[in-house]
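Beneath this line is the structure, given in structure tokens, with notes to follow.
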Amino acid sequence: MTVCEVCGNDYARGFEVHTDGEVHAFDSLECAAQLLAPTCENCKCRILGHGMEAGGRYFCCAHCARIRGVSELADSA
Ligand SMILES: [Zn+2]
Ligand SMILES: [Zn+2]
């Protein structure tokens, strides 16, 4: 039995995410993303895939990083 931390849903098949020594409980990936996924500093979208990090700043793609003046990042794709 897991009570979702984000929406409070009591879901029998919920799951836990362990991060930074903390345990978070969720009923869905969407709720987990809402709490845990970083947001792109430029476009504010949730970073669910391979985001990019530069000095503690998060971006969804190299394009957004460049707009914010971070030029050393490049998409690996
Ligand atoms: Zn939830
Ligand atoms: Zn972005």
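Residues in the structure tokens are numbered from 1 in each chain, the chains being A, B, ... in the order shown, and ligands are numbered from 1 in the order shown.
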**Prompt:** Using only C-alpha atoms and all ligand atoms, what are the residues with an atom within 7 Å of ligand 2, set out as number ranges by chain?
**Reply:** A: 40-45, 59-61, 64
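Using only C-alpha atoms and all ligand atoms, we find that the residues with an atom at most 8 Å from any atom of ligand 1 are Val3, Cys4, Glu5, Val6, Cys7, Gly8, Asn9, Phe26, Asp27, Ser28, Glu30, Cys31 and Ala32 of chain A.
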With N, CA, C and O atoms retained, could you export that selection as a PDB file, in the first residue's frame?
ATOM      1  N   VAL A   3       0.816   5.506  -0.410  1.00  0.00           N
ATOM      2  CA  VAL A   3       0.074   6.748  -0.572  1.00  0.00           C
ATOM      3  C   VAL A   3       0.960   7.733  -1.322  1.00  0.00           C
ATOM      4  O   VAL A   3       2.071   8.037  -0.885  1.00  0.00           O
ATOM      5  N   CYS A   4       0.484   8.185  -2.447  1.00  0.00           N
ATOM      6  CA  CYS A   4       1.279   9.071  -3.284  1.00  0.00           C
ATOM      7  C   CYS A   4       1.557  10.395  -2.580  1.00  0.00           C
ATOM      8  O   CYS A   4       0.653  11.026  -2.038  1.00  0.00           O
ATOM      9  N   GLU A   5       2.828  10.797  -2.609  1.00  0.00           N
ATOM     10  CA  GLU A   5       3.253  12.030  -1.958  1.00  0.00           C
ATOM     11  C   GLU A   5       2.723  13.271  -2.639  1.00  0.00           C
ATOM     12  O   GLU A   5       2.573  14.327  -2.046  1.00  0.00           O
ATOM     13  N   VAL A   6       2.459  13.155  -3.933  1.00  0.00           N
ATOM     14  CA  VAL A   6       2.055  14.327  -4.710  1.00  0.00           C
ATOM     15  C   VAL A   6       0.548  14.529  -4.696  1.00  0.00           C
ATOM     16  O   VAL A   6       0.054  15.609  -4.381  1.00  0.00           O
ATOM     17  N   CYS A   7      -0.199  13.503  -5.022  1.00  0.00           N
ATOM     18  CA  CYS A   7      -1.658  13.680  -5.144  1.00  0.00           C
ATOM     19  C   CYS A   7      -2.431  13.013  -4.018  1.00  0.00           C
ATOM     20  O   CYS A   7      -3.637  13.193  -3.909  1.00  0.00           O
ATOM     21  N   GLY A   8      -1.738  12.238  -3.166  1.00  0.00           N
ATOM     22  CA  GLY A   8      -2.422  11.630  -2.030  1.00  0.00           C
ATOM     23  C   GLY A   8      -3.199  10.378  -2.373  1.00  0.00           C
ATOM     24  O   GLY A   8      -3.882   9.818  -1.524  1.00  0.00           O
ATOM     25  N   ASN A   9      -3.103   9.943  -3.621  1.00  0.00           N
ATOM     26  CA  ASN A   9      -3.811   8.745  -4.043  1.00  0.00           C
ATOM     27  C   ASN A   9      -3.269   7.512  -3.319  1.00  0.00           C
ATOM     28  O   ASN A   9      -2.067   7.322  -3.219  1.00  0.00           O
ATOM     29  N   PHE A  26       5.059   7.112  -4.732  1.00  0.00           N
ATOM     30  CA  PHE A  26       4.182   7.660  -5.781  1.00  0.00           C
ATOM     31  C   PHE A  26       3.235   6.597  -6.298  1.00  0.00           C
ATOM     32  O   PHE A  26       3.500   5.404  -6.199  1.00  0.00           O
ATOM     33  N   ASP A  27       2.157   7.063  -6.920  1.00  0.00           N
ATOM     34  CA  ASP A  27       1.222   6.135  -7.552  1.00  0.00           C
ATOM     35  C   ASP A  27       1.435   6.074  -9.058  1.00  0.00           C
ATOM     36  O   ASP A  27       0.956   5.180  -9.729  1.00  0.00           O
ATOM     37  N   SER A  28       2.164   7.064  -9.601  1.00  0.00           N
ATOM     38  CA  SER A  28       2.365   7.087 -11.041  1.00  0.00           C
ATOM     39  C   SER A  28       3.664   7.799 -11.383  1.00  0.00           C
ATOM     40  O   SER A  28       4.191   8.580 -10.582  1.00  0.00           O
ATOM     41  N   GLU A  30       3.938  10.053 -13.530  1.00  0.00           N
ATOM     42  CA  GLU A  30       3.647  11.461 -13.705  1.00  0.00           C
ATOM     43  C   GLU A  30       3.829  12.211 -12.388  1.00  0.00           C
ATOM     44  O   GLU A  30       4.413  13.293 -12.345  1.00  0.00           O
ATOM     45  N   CYS A  31       3.340  11.635 -11.310  1.00  0.00           N
ATOM     46  CA  CYS A  31       3.489  12.274 -10.002  1.00  0.00           C
ATOM     47  C   CYS A  31       4.958  12.301  -9.587  1.00  0.00           C
ATOM     48  O   CYS A  31       5.433  13.285  -9.028  1.00  0.00           O
ATOM     49  N   ALA A  32       5.675  11.232  -9.886  1.00  0.00           N
ATOM     50  CA  ALA A  32       7.101  11.176  -9.544  1.00  0.00           C
ATOM     51  C   ALA A  32       7.853  12.275 -10.281  1.00  0.00           C
ATOM     52  O   ALA A  32       8.692  12.975  -9.715  1.00  0.00           O
TER      53      ALA A  32
END
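Across chain A, DSSP run on the backbone finds strand (DSSP E) at Thr2, Val3, Asp10, Tyr11, Phe15, Glu16, Val17, His18, Thr19, Glu22, Val23, His24, Ala25, Phe26, Met52, Glu53, Ala54, Arg57, Tyr58 and Phe59 of chain A.
Nearest-residue note for Ala33 of chain A: choosing from A:Leu48, A:Thr19, A:Ala62, A:Ala54, the minimum distance belongs to A:Leu48, counting only C-alpha atoms.
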**Message:** Using only C-alpha atoms for the distances, tell me which of A:His63, A:Leu36, A:Thr2, A:Gly69 is nearest to Asp20 of chain A.
**Reply:** A:Leu36
**Request:** Step one, run DSSP on the backbone; step two, keep only residues of chain A assigned to alpha helix (DSSP H); then write them as a ChimeraX atom specification.
**Result:** /A:29-36,62-67
Quick one: write out the picked residues with N, CA and C atoms as a PDB file, in the first residue's frame?
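The file below, again-v7.pdb, is the result:
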ATOM      1  N   LEU A  29       4.148   7.529 -12.578  1.00  0.00           N
ATOM      2  CA  LEU A  29       5.373   8.189 -13.023  1.00  0.00           C
ATOM      3  C   LEU A  29       5.156   9.687 -13.173  1.00  0.00           C
ATOM      4  N   GLU A  30       3.938  10.053 -13.530  1.00  0.00           N
ATOM      5  CA  GLU A  30       3.647  11.461 -13.705  1.00  0.00           C
ATOM      6  C   GLU A  30       3.829  12.211 -12.388  1.00  0.00           C
ATOM      7  N   CYS A  31       3.340  11.635 -11.310  1.00  0.00           N
ATOM      8  CA  CYS A  31       3.489  12.274 -10.002  1.00  0.00           C
ATOM      9  C   CYS A  31       4.958  12.301  -9.587  1.00  0.00           C
ATOM     10  N   ALA A  32       5.675  11.232  -9.886  1.00  0.00           N
ATOM     11  CA  ALA A  32       7.101  11.176  -9.544  1.00  0.00           C
ATOM     12  C   ALA A  32       7.853  12.275 -10.281  1.00  0.00           C
ATOM     13  N   ALA A  33       7.511  12.447 -11.551  1.00  0.00           N
ATOM     14  CA  ALA A  33       8.187  13.460 -12.358  1.00  0.00           C
ATOM     15  C   ALA A  33       7.901  14.849 -11.819  1.00  0.00           C
ATOM     16  N   GLN A  34       6.674  15.053 -11.373  1.00  0.00           N
ATOM     17  CA  GLN A  34       6.294  16.362 -10.870  1.00  0.00           C
ATOM     18  C   GLN A  34       7.151  16.766  -9.679  1.00  0.00           C
ATOM     19  N   LEU A  35       7.476  15.790  -8.839  1.00  0.00           N
ATOM     20  CA  LEU A  35       8.257  16.108  -7.645  1.00  0.00           C
ATOM     21  C   LEU A  35       9.754  16.039  -7.889  1.00  0.00           C
ATOM     22  N   LEU A  36      10.194  15.083  -8.704  1.00  0.00           N
ATOM     23  CA  LEU A  36      11.627  14.796  -8.786  1.00  0.00           C
ATOM     24  C   LEU A  36      12.325  15.316 -10.025  1.00  0.00           C
ATOM     25  N   ALA A  62      20.649  21.105 -25.692  1.00  0.00           N
ATOM     26  CA  ALA A  62      21.749  22.035 -25.899  1.00  0.00           C
ATOM     27  C   ALA A  62      21.256  23.388 -26.407  1.00  0.00           C
ATOM     28  N   HIS A  63      20.181  23.357 -27.148  1.00  0.00           N
ATOM     29  CA  HIS A  63      19.600  24.592 -27.675  1.00  0.00           C
ATOM     30  C   HIS A  63      19.221  25.544 -26.528  1.00  0.00           C
ATOM     31  N   CYS A  64      18.528  25.002 -25.526  1.00  0.00           N
ATOM     32  CA  CYS A  64      18.121  25.817 -24.381  1.00  0.00           C
ATOM     33  C   CYS A  64      19.348  26.300 -23.606  1.00  0.00           C
ATOM     34  N   ALA A  65      20.352  25.440 -23.475  1.00  0.00           N
ATOM     35  CA  ALA A  65      21.564  25.815 -22.755  1.00  0.00           C
ATOM     36  C   ALA A  65      22.252  26.986 -23.455  1.00  0.00           C
ATOM     37  N   ARG A  66      22.287  26.914 -24.768  1.00  0.00           N
ATOM     38  CA  ARG A  66      22.940  27.983 -25.536  1.00  0.00           C
ATOM     39  C   ARG A  66      22.219  29.312 -25.372  1.00  0.00           C
ATOM     40  N   ILE A  67      20.891  29.254 -25.384  1.00  0.00           N
ATOM     41  CA  ILE A  67      20.102  30.474 -25.226  1.00  0.00           C
ATOM     42  C   ILE A  67      20.437  31.152 -23.898  1.00  0.00           C
TER      43      ILE A  67
END
**Request:** Write out as a PyMOL selection string which residues come within 10 Å of Met1 of chain A when counting only C-alpha atoms, dropping same-chain ones fewer than 4 positions away.
**Result:** chain A and resi 10-15+25+27
**Fill in**
Expressed in Å, the length from atom CA of Gly55 of chain A to atom CA of Thr39 of chain A is 14.5 Å
